[in-house]
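Colleague: Right, I'll just put the structure down here and ask away after.
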Amino acid sequence: MVSYKTLGLVNTKEMFAKAVAGGYAIPAFNFNNMEQLQAIIQAASETKSPVILQVSKGARNYANQTLLRYMAEGAVEYAKELGWENPQIVLHLDHGDSFEICKSCVDMGFSSVMIDASHLSYEENVALTKKVVDYAHQYDVTVEAELGVLAGVEDEVQAEESHYTRPEEVIDFATRTGCDSLAISIGTSHGAYKFKPEQCTRDEKTGRLVPPPLAFDILHEIEAKLPGFPIVLHGSSSVPQEYVDSINANGGKLPDAVGIPEEQLREASKSAVCKINIDSDSRLAMTAAIRKVFVEKPGEFDPRKYCGPARDEMKKLYTHKIVNVLGSDGKAE
Ligand code: G3H
Ligand code: 13P
Ligand code: ZN
């Protein structure tokens, strides 16, 4: 048993309370490799933003859970080296799908876990979430749960049918499970293809898809039922069109990739939404930068010469999200 506290990590409790009260959101960035982690830590250190490092099932399969945990421990020291005296870094399990995986993360030093039992029946979701909460809270590890089902398909996260969170369930769910935060479904979705063209309108001038707006009415109903309770949005990449264009111009093929407009995320950040999950945008930044190098310098074969620009582009993206979208800069001085 390793406590996250000895690794210099923090849980989400205080961070979320401050974010809800202050009208901003904490960025939750997924990481799978060193360059992503460096970029996240550089951006968070320079802006003094609290940050959540998320490890998905896909990341655990790709990079190994133990290695990722040690990388996060290293990230705390790296942040200090960069001059962030008091780094506020959470190591979080993203979309945990069983008690066992949540327990193994708690036991090896994660400071926060998500139990995603949203695909089960309501009563099964309550029971499994409560079991994880009862275990995690013994070690002061915070727990995110989910009610409602997001649309979208990712390598390891998929849902055939989505449905919005039912506001009438949230009080009962939060009370019976004791969870620390709640991921809700209000129209966000995983991946770079969040909406089918038939769900969107098309901007006549640019020819780009315009997605349907998020269900802010449901968010506000939930907030009214659980005043001050931390709410989480998954699937919140905005799929920057400059990356999509650059990828397509350099041999890629991402037709009609579309995300959540940043103005809507900005608006959500001002509410009880205090954690916003972003993964796909970082994948796009990395891919755009690497494709550009490959096209412009076909003779290049040193991975540092394309992973380096990819890292710089991701840092730019993370900094932009922190400062211009979520408003978390300067909140962890
Ligand atoms: O929520 C999903 C994340 O984007 C992680 O996806 O399991 O393919 O790493 P992944
Ligand atoms: P995106 O695919 O929109 O980046 O969402 C990531 C996410 O929700 C991770 O849990
Ligand atoms: Zn997610």
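By convention in this document, the chains of the structure tokens carry letters A, B, ... by their order, each chain's residues are numbered from 1, and ligands are numbered from 1 in the order they are shown.
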Could I get the residue neighbourhood of ligand 2 at 9 Å, counting only C-alpha atoms and all ligand atoms, as a VMD selection string?
Modeller: chain A and resid 28 to 30 54 to 56 94 to 95 152 to 154 157 188 to 194 233 to 239 259 to 260 276 to 283
Colleague: Suppose we keep N, CA and C atoms; can you now write the selection as a compact mmCIF listing (two decimals), in the first residue's frame?
Modeller:
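Below is the file that was written, selection.txt:
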# COMPACT_ATOMS: atom_id res chain seq x y z
N ALA A 28 -8.61 18.14 -16.75
CA ALA A 28 -8.24 16.73 -16.57
C ALA A 28 -7.75 16.24 -17.92
N PHE A 29 -6.42 16.10 -18.01
CA PHE A 29 -5.79 15.72 -19.27
C PHE A 29 -5.34 14.26 -19.19
N ASN A 30 -5.68 13.48 -20.21
CA ASN A 30 -5.22 12.09 -20.28
C ASN A 30 -3.77 12.06 -20.71
N GLN A 54 -4.89 12.04 -16.00
CA GLN A 54 -5.82 10.91 -16.08
C GLN A 54 -5.21 9.71 -16.79
N VAL A 55 -5.49 8.54 -16.24
CA VAL A 55 -5.00 7.29 -16.82
C VAL A 55 -6.21 6.44 -17.20
N SER A 56 -6.36 6.22 -18.50
CA SER A 56 -7.49 5.42 -18.98
C SER A 56 -7.11 3.95 -19.06
N ASP A 94 -9.17 7.07 -14.92
CA ASP A 94 -10.27 7.50 -15.80
C ASP A 94 -11.09 6.26 -16.19
N HIS A 95 -12.39 6.33 -16.06
CA HIS A 95 -13.28 5.25 -16.48
C HIS A 95 -12.93 3.88 -15.90
N GLY A 152 -20.57 8.32 -28.30
CA GLY A 152 -19.21 8.40 -28.81
C GLY A 152 -18.45 7.10 -28.70
N VAL A 153 -17.46 6.97 -29.53
CA VAL A 153 -16.68 5.74 -29.55
C VAL A 153 -15.21 6.09 -29.45
N GLU A 154 -14.55 5.51 -28.48
CA GLU A 154 -13.11 5.62 -28.36
C GLU A 154 -12.58 4.20 -28.30
N VAL A 157 -13.64 3.19 -24.71
CA VAL A 157 -14.87 3.72 -24.11
C VAL A 157 -15.90 3.81 -25.22
N THR A 188 -22.18 16.05 -24.30
CA THR A 188 -20.78 15.88 -24.73
C THR A 188 -20.60 14.41 -25.11
N SER A 189 -19.46 14.12 -25.72
CA SER A 189 -19.29 12.78 -26.26
C SER A 189 -17.79 12.52 -26.49
N HIS A 190 -17.36 11.29 -26.37
CA HIS A 190 -15.93 11.00 -26.52
C HIS A 190 -15.47 11.01 -27.98
N GLY A 191 -14.20 11.32 -28.17
CA GLY A 191 -13.58 11.17 -29.49
C GLY A 191 -13.61 12.44 -30.33
N ALA A 192 -13.19 12.30 -31.58
CA ALA A 192 -13.08 13.45 -32.49
C ALA A 192 -14.30 13.58 -33.40
N TYR A 193 -15.21 12.63 -33.28
CA TYR A 193 -16.45 12.67 -34.08
C TYR A 193 -17.62 12.67 -33.10
N LYS A 194 -17.85 13.81 -32.48
CA LYS A 194 -18.81 13.83 -31.38
C LYS A 194 -20.25 13.81 -31.86
N LEU A 233 -17.49 17.02 -16.59
CA LEU A 233 -17.86 16.80 -17.99
C LEU A 233 -16.78 15.97 -18.70
N HIS A 234 -17.16 14.83 -19.18
CA HIS A 234 -16.29 14.02 -20.05
C HIS A 234 -16.48 14.50 -21.49
N GLY A 235 -15.67 13.92 -22.37
CA GLY A 235 -15.88 14.17 -23.80
C GLY A 235 -15.89 15.63 -24.17
N SER A 236 -14.95 16.42 -23.60
CA SER A 236 -15.03 17.87 -23.77
C SER A 236 -13.96 18.46 -24.68
N SER A 237 -13.43 17.64 -25.56
CA SER A 237 -12.51 18.21 -26.54
C SER A 237 -13.29 19.08 -27.52
N SER A 238 -12.63 20.13 -28.00
CA SER A 238 -13.33 21.01 -28.94
C SER A 238 -12.95 20.70 -30.39
N VAL A 239 -12.02 19.77 -30.56
CA VAL A 239 -11.59 19.34 -31.91
C VAL A 239 -11.22 20.57 -32.77
N GLY A 259 -16.19 18.93 -32.49
CA GLY A 259 -16.16 18.85 -31.02
C GLY A 259 -17.12 19.81 -30.36
N ILE A 260 -16.85 20.07 -29.08
CA ILE A 260 -17.71 20.97 -28.28
C ILE A 260 -17.13 22.38 -28.38
N ILE A 276 -13.07 19.20 -16.30
CA ILE A 276 -13.38 19.07 -17.73
C ILE A 276 -12.32 18.16 -18.35
N ASN A 277 -12.78 17.06 -18.96
CA ASN A 277 -11.88 16.04 -19.50
C ASN A 277 -11.53 16.31 -20.95
N ILE A 278 -10.23 16.34 -21.21
CA ILE A 278 -9.75 16.60 -22.57
C ILE A 278 -8.66 15.59 -22.93
N ASP A 279 -8.91 14.82 -23.96
CA ASP A 279 -7.93 13.85 -24.45
C ASP A 279 -7.75 14.00 -25.96
N SER A 280 -8.87 13.95 -26.69
CA SER A 280 -8.77 13.96 -28.16
C SER A 280 -8.02 15.17 -28.71
N ASP A 281 -8.21 16.35 -28.08
CA ASP A 281 -7.53 17.54 -28.61
C ASP A 281 -6.02 17.40 -28.56
N SER A 282 -5.55 16.73 -27.52
CA SER A 282 -4.11 16.52 -27.41
C SER A 282 -3.62 15.53 -28.48
N ARG A 283 -4.45 14.54 -28.76
CA ARG A 283 -4.10 13.58 -29.82
C ARG A 283 -4.01 14.30 -31.16
Colleague: Going by DSSP on the backbone, which residues of region 191-327 of chain A come out as alpha helix (DSSP H)? List them as a PyMOL selection string.
Modeller: chain A and resi 216-225+241-249+262-269+280-296+303-320
Colleague: Identify, on the basis of only C-alpha atoms, every residue whose closest approach to region 264-267 of chain A does not exceed 6 Å; exclude the query and any residue fewer than 2 positions from it along the same chain; express the result as a PyMOL selection string.
Modeller: chain A and resi 261-262+269-270+325-326
Colleague: Would you return as a list in words the members of region 89-168 of chain A that DSSP assigns to strand (DSSP E or B) on this structure's backbone?
Modeller: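 In region 89-168 of chain A, DSSP puts these residues in strand (DSSP E or B): Ile89, Val90, Leu91, His92, Leu93, Asp94, His95, Gly96, Ser112, Val113, Met114, Ile115, Thr142, Val143, Glu144, Ala145, Glu146, Leu147, Val149, Ala151, Gly152, Val153, Gln158 and His163 of chain A.
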Colleague: Write out as a list of chain:residue names the residues lying within 7 Å of Gly327 (chain A), counting only C-alpha atoms and excluding same-chain residues fewer than 5 positions away.
Modeller: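 Selected residues are A:Tyr24, A:Ala25, A:Ile322.
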Colleague: Please list as a PyMOL selection string every residue within 12 Å of region 64-80 of chain A, counting only C-alpha atoms and excluding residues in the same chain fewer than 6 positions away.
Modeller: chain A and resi 2-10+30-58+86-94+101-102+104-111
Colleague: One number please: CA of Leu317 (chain A) to CA of Asp245 (chain A), in Å, one decimal.
Modeller: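 It comes out at 15.8 Å.
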Colleague: Go through A:Gly96, A:Gly83, A:Gly22, A:Gly299 and flag the residue nearest ligand 3, using only C-alpha atoms and all ligand atoms for the distances.
Modeller: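 The answer is A:Gly96, which sits nearest to ligand 3.
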Colleague: If we count only C-alpha atoms and set the cut-off at 10 Å, which residues sit around Val132 (chain A), ignoring sequence neighbours fewer than 6 positions away in its own chain? Please answer as a PDB file with N, CA, C and O atoms, in the first residue's frame.
Modeller:
ATOM      1  N   SER A  98     -14.255  -1.572 -12.709  1.00  0.00           N
ATOM      2  CA  SER A  98     -14.515  -2.605 -11.709  1.00  0.00           C
ATOM      3  C   SER A  98     -13.971  -2.151 -10.356  1.00  0.00           C
ATOM      4  O   SER A  98     -13.105  -1.250 -10.294  1.00  0.00           O
ATOM      5  N   PHE A  99     -14.475  -2.796  -9.296  1.00  0.00           N
ATOM      6  CA  PHE A  99     -13.949  -2.505  -7.958  1.00  0.00           C
ATOM      7  C   PHE A  99     -12.450  -2.823  -7.919  1.00  0.00           C
ATOM      8  O   PHE A  99     -11.646  -2.059  -7.379  1.00  0.00           O
ATOM      9  N   GLU A 100     -12.072  -3.937  -8.539  1.00  0.00           N
ATOM     10  CA  GLU A 100     -10.681  -4.407  -8.459  1.00  0.00           C
ATOM     11  C   GLU A 100      -9.703  -3.392  -9.071  1.00  0.00           C
ATOM     12  O   GLU A 100      -8.645  -3.137  -8.486  1.00  0.00           O
ATOM     13  N   ILE A 101     -10.055  -2.840 -10.209  1.00  0.00           N
ATOM     14  CA  ILE A 101      -9.117  -1.898 -10.827  1.00  0.00           C
ATOM     15  C   ILE A 101      -9.023  -0.615  -9.983  1.00  0.00           C
ATOM     16  O   ILE A 101      -7.944  -0.050  -9.798  1.00  0.00           O
ATOM     17  N   CYS A 102     -10.170  -0.195  -9.439  1.00  0.00           N
ATOM     18  CA  CYS A 102     -10.142   1.006  -8.577  1.00  0.00           C
ATOM     19  C   CYS A 102      -9.275   0.729  -7.349  1.00  0.00           C
ATOM     20  O   CYS A 102      -8.435   1.557  -6.968  1.00  0.00           O
ATOM     21  N   LYS A 103      -9.462  -0.420  -6.749  1.00  0.00           N
ATOM     22  CA  LYS A 103      -8.674  -0.781  -5.550  1.00  0.00           C
ATOM     23  C   LYS A 103      -7.177  -0.812  -5.888  1.00  0.00           C
ATOM     24  O   LYS A 103      -6.352  -0.295  -5.134  1.00  0.00           O
ATOM     25  N   VAL A 106      -5.931   2.719  -6.023  1.00  0.00           N
ATOM     26  CA  VAL A 106      -5.840   3.305  -4.670  1.00  0.00           C
ATOM     27  C   VAL A 106      -4.595   2.751  -3.978  1.00  0.00           C
ATOM     28  O   VAL A 106      -3.803   3.500  -3.385  1.00  0.00           O
ATOM     29  N   VAL A 113     -10.079   8.214  -8.092  1.00  0.00           N
ATOM     30  CA  VAL A 113     -10.479   7.182  -9.062  1.00  0.00           C
ATOM     31  C   VAL A 113     -11.882   7.479  -9.564  1.00  0.00           C
ATOM     32  O   VAL A 113     -12.703   8.050  -8.855  1.00  0.00           O
ATOM     33  N   MET A 114     -12.126   7.069 -10.790  1.00  0.00           N
ATOM     34  CA  MET A 114     -13.491   7.110 -11.311  1.00  0.00           C
ATOM     35  C   MET A 114     -13.999   5.683 -11.407  1.00  0.00           C
ATOM     36  O   MET A 114     -13.318   4.816 -11.960  1.00  0.00           O
ATOM     37  N   ILE A 115     -15.183   5.452 -10.836  1.00  0.00           N
ATOM     38  CA  ILE A 115     -15.857   4.186 -11.110  1.00  0.00           C
ATOM     39  C   ILE A 115     -16.981   4.515 -12.091  1.00  0.00           C
ATOM     40  O   ILE A 115     -17.890   5.281 -11.771  1.00  0.00           O
ATOM     41  N   THR A 142     -10.348  10.344  -3.435  1.00  0.00           N
ATOM     42  CA  THR A 142     -11.667  10.828  -3.859  1.00  0.00           C
ATOM     43  C   THR A 142     -12.210   9.991  -5.031  1.00  0.00           C
ATOM     44  O   THR A 142     -11.449   9.426  -5.809  1.00  0.00           O
ATOM     45  N   VAL A 143     -13.537   9.958  -5.137  1.00  0.00           N
ATOM     46  CA  VAL A 143     -14.173   9.082  -6.128  1.00  0.00           C
ATOM     47  C   VAL A 143     -15.148   9.870  -7.000  1.00  0.00           C
ATOM     48  O   VAL A 143     -16.029  10.578  -6.514  1.00  0.00           O
ATOM     49  N   GLU A 144     -14.954   9.704  -8.313  1.00  0.00           N
ATOM     50  CA  GLU A 144     -15.884  10.266  -9.309  1.00  0.00           C
ATOM     51  C   GLU A 144     -16.788   9.123  -9.786  1.00  0.00           C
ATOM     52  O   GLU A 144     -16.317   8.016 -10.032  1.00  0.00           O
ATOM     53  N   ALA A 145     -18.071   9.429  -9.891  1.00  0.00           N
ATOM     54  CA  ALA A 145     -19.022   8.430 -10.398  1.00  0.00           C
ATOM     55  C   ALA A 145     -19.702   9.005 -11.628  1.00  0.00           C
ATOM     56  O   ALA A 145     -19.497  10.175 -11.967  1.00  0.00           O
ATOM     57  N   THR A 177     -24.412   6.887  -2.442  1.00  0.00           N
ATOM     58  CA  THR A 177     -23.064   6.397  -2.769  1.00  0.00           C
ATOM     59  C   THR A 177     -21.968   7.120  -1.998  1.00  0.00           C
ATOM     60  O   THR A 177     -20.910   6.552  -1.750  1.00  0.00           O
ATOM     61  N   GLY A 178     -22.202   8.382  -1.627  1.00  0.00           N
ATOM     62  CA  GLY A 178     -21.151   9.159  -0.963  1.00  0.00           C
ATOM     63  C   GLY A 178     -20.041   9.590  -1.922  1.00  0.00           C
ATOM     64  O   GLY A 178     -18.943   9.976  -1.488  1.00  0.00           O
ATOM     65  N   CYS A 179     -20.299   9.541  -3.227  1.00  0.00           N
ATOM     66  CA  CYS A 179     -19.251   9.924  -4.199  1.00  0.00           C
ATOM     67  C   CYS A 179     -18.884  11.407  -4.029  1.00  0.00           C
ATOM     68  O   CYS A 179     -19.673  12.194  -3.519  1.00  0.00           O
TER      69      CYS A 179
END
Colleague: What is the distance, in Å and to one decimal place, between CA of Leu226 (chain A) and CA of His137 (chain A)?
Modeller: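 Separating CA of Leu226 (chain A) from CA of His137 (chain A) is a distance of 20.6 Å.
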Colleague: From the options A:Arg176, A:Lys331, A:Tyr139, A:Ile184, which residue's atoms come nearest to ligand 3, counting only C-alpha atoms and all ligand atoms?
Modeller: A:Ile184
Colleague: For CA of Val232 (chain A) and CA of Leu182 (chain A), determine how far apart the two atoms are, in Å to one decimal place.
Modeller: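 Answer for the CA of Val232 (chain A) to CA of Leu182 (chain A) separation: 5.7 Å.
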Colleague: Mind checking which residues fall within 10 Å of Gly251 (chain A), counting only C-alpha atoms, ignoring those fewer than 6 positions away in the same chain, and posting them as a VMD selection string?
Modeller: chain A and resid 291 to 292 294 to 295
